[in-house]
Protein chains: 2
Amino acid sequence: MNDQKPVLAILGGTGKEGPGLALRWAHAGYPLIIGSRQAEKAQATAAEINAQLGIDTVRGMENSEAARLADLAVLTVVQSAQLEALQSVREVLQGKILVDATARVDFRDPRPPAPPAAARLAQDVLGPGVRVVAAFQNVPAHALKKDLGGTIPTDVLVCSDDVGAAQQVIELAKAVGMRAYYAGGLDNAVVVEGLTALLISINKHYGAKTASIGISGI
Amino acid sequence: MNDQKPVLAILGGTGKEGPGLALRWAHAGYPLIIGSRQAEKAQATAAEINAQLGIDTVRGMENSEAARLADLAVLTVVQSAQLEALQSVREVLQGKILVDATARVDFRDPRPPAPPAAARLAQDVLGPGVRVVAAFQNVPAHALKKDLGGTIPTDVLVCSDDVGAAQQVIELAKAVGMRAYYAGGLDNAVVVEGLTALLISINKHYGAKTASIGISGI
């Protein structure tokens with residue numbers, strides 16, 4: 001049991017991005033719960049992470065139950081599933097932090113999304129009792145699964161109207177080898193979503209797979 | 001006379017960003033014309049650049065005359081002046097490249113702008129006979145004026161529907177010590193505009209002045 005570390009729930013944690021983030025946080029010692037619409041899928045992903053790390057503490061359960069038991073939840077579903085997922089956890093997240101990693105960009109036809117940011121939708125659905133933080137929209141899923149002790153070659157831009165909540169998420173990112181910066185209020189997150197479209201375009205043009213963004217000069 | 005280098009016009013070249021870019025390109029040997037709504041102001045800026053570099057080849061004139069004599073024009077006006085400037089050079093730019101550096105972000109109240117990108121407006125105003133490229137929206141003006149031989153601590157994201165035109169602008173950026181990348185079609189430029197809002201937010205939060213963006217992993 002970690003005295004200081006919050007219990008994390010990765011909602012939609014069986015998708016493309018969620019398992020890699022979960023693996024990293026579990027490896028860093030965070031109590032971790034995988035959430036999914038189907039408890040069985042969540043349990044299967046939890047079992048994979050436990051096996052990879054040689055532990056048995058990662059649990060899997062339905063999204064709302066995972067959110068209920070967590071101190072902080074990270075939403076890593078695809079855009080089309082975002083609204084339903086948010087509605088299913090609205091009640092149990094009151095008083096907590098929700099990290100929204102949604103990027104409204106189609107990988108086959110990448111275009112910058114219009115404001116408001118996906119995370120602003122999350123704030124509107126969840127209401128003022130939940131502190132919403134936008135982060136991790138651009139983290140390359142494949143980079144999360146290798147070299148667990150190493151750094152992730154991207155910087156995380158963290159947007160929230162609540163600077164204190166953002167700071168907690170910055171610490172979460174740093175704990176698993178990412179540099180992270182507070183990049184302003186929640187509305188700024190639309191730019192971070194749009195960066196996904198640019199990184200896809202850059203990868204296509206240069207025949208690369210791992211274009212990523214970094215901040216310097218501060 | 002440079003055989004290979006295009007003649008550049010910096011439209012709105014007496015503002016905040018234009019003189020620094022002009023200084024760099026003139027130093028790199030590009031034939032250079034400063035444009036302004038008022039020929040006298042353009043001539044004064046040209047004289048300053050000539051004095052700083054110990055040359056006498058930089059000229060100043062009214063925007064449309066500068067654009068008429070140039071092979072490639074760079075628009076560096078504030079947002080409120082963009083439309084009028086574009087209309088004044090529409091005819092003389094046909095068949096040429098227009099680089100639009102407009103970022104629709106208020107420094108006192110930075111918010112991400114909505115699509116369409118400012119450079120898309122430029123393309124619509126100028127018509128299909130002008131190849132519009134969006135670039136240089138985030139280059140810190142103060143960095144351009146010092147250490148002329150050094151590199152500029154930011155990466156330039158170059159967006160255009162015409163890859164060949166974008167490549168010419170990438171070469172222009174590289175010629176003055178900036179790394180530059182093709183970042184997709186003109187519509188992607190709205191994200192680069194929005195990055196200005198994020199960089200302002202980052203600077204405010206961290207008490208910095210020089211936050212900048214970089215691309216890695218390609």
# chains A, B, ... in the order shown; residues from 1 in each chain; ligands from 1
call {"tool": "residues_around", "arguments": {"residues": "Leu11 in chain A", "least_positions_apart": "5", "cutoff": "7 Å", "atoms": "only C-alpha atoms", "output": "MDAnalysis selection string"}}
result
chainID A and resid 34:36 63 73:76
call {"tool": "write_last_selection", "arguments": {"atoms": "C-alpha atoms", "output": "mmCIF file, in the first residue's frame"}}
result
data_model
loop_
_atom_site.group_PDB
_atom_site.id
_atom_site.type_symbol
_atom_site.label_atom_id
_atom_site.label_comp_id
_atom_site.auth_asym_id
_atom_site.auth_seq_id
_atom_site.Cartn_x
_atom_site.Cartn_y
_atom_site.Cartn_z
ATOM 1 C CA ILE A 34 -8.478 -0.768 -15.260
ATOM 2 C CA GLY A 35 -11.978 0.288 -16.255
ATOM 3 C CA SER A 36 -13.963 -0.797 -19.284
ATOM 4 C CA ASN A 63 -15.869 1.875 -15.673
ATOM 5 C CA ALA A 73 -9.538 8.849 -13.157
ATOM 6 C CA VAL A 74 -7.957 9.029 -16.604
ATOM 7 C CA LEU A 75 -10.296 8.774 -19.595
ATOM 8 C CA THR A 76 -8.621 7.150 -22.614
#
call {"tool": "select_by_dssp", "arguments": {"residues": "range 40-202 of chain A", "states": "strand (DSSP E or B)", "output": "list in words"}}
result
Arg59, Gly60, Met61, Glu62, Leu72, Ala73, Val74, Leu75, Ile97, Leu98, Val99, Asp100, Arg131, Val132, Val133, Ala134, Asp155, Val156, Leu157, Val158, Cys159, Ser160, Arg179, Ala180, Tyr181 and Tyr182 of chain A
call {"tool": "interface_residues", "arguments": {"of": "chain B", "to": "chain A", "cutoff": "9 Å", "atoms": "only C-alpha atoms", "output": "JSON, numbers by chain"}}
result
{"B": [110, 111, 112, 113, 114, 115, 116, 153, 154, 157, 181, 182, 183, 184, 185, 187, 188, 189, 190, 191, 192, 193, 194, 195, 197, 198, 199, 200, 201, 202, 203, 204, 205, 206, 207, 208, 209, 210, 211, 212, 213, 214, 215, 216, 217, 218]}
call {"tool": "atom_distance", "arguments": {"atom1": "CA of Leu86 in chain A", "atom2": "CA of Ala103 in chain A"}}
result
14.9 Å
call {"tool": "select_by_dssp", "arguments": {"residues": "range 2-210 of chain A", "states": "helix (DSSP H, G or I)", "output": "NGL selection string"}}
result
:A and (18-27 or 39-53 or 63-69 or 79-89 or 118-126 or 141-144 or 163-175 or 186-206)
call {"tool": "residues_around", "arguments": {"residues": "Phe136 in chain A", "least_positions_apart": "6", "cutoff": "8 Å", "atoms": "only C-alpha atoms", "output": "number ranges by chain"}}
result
A: 100-101, 156-158
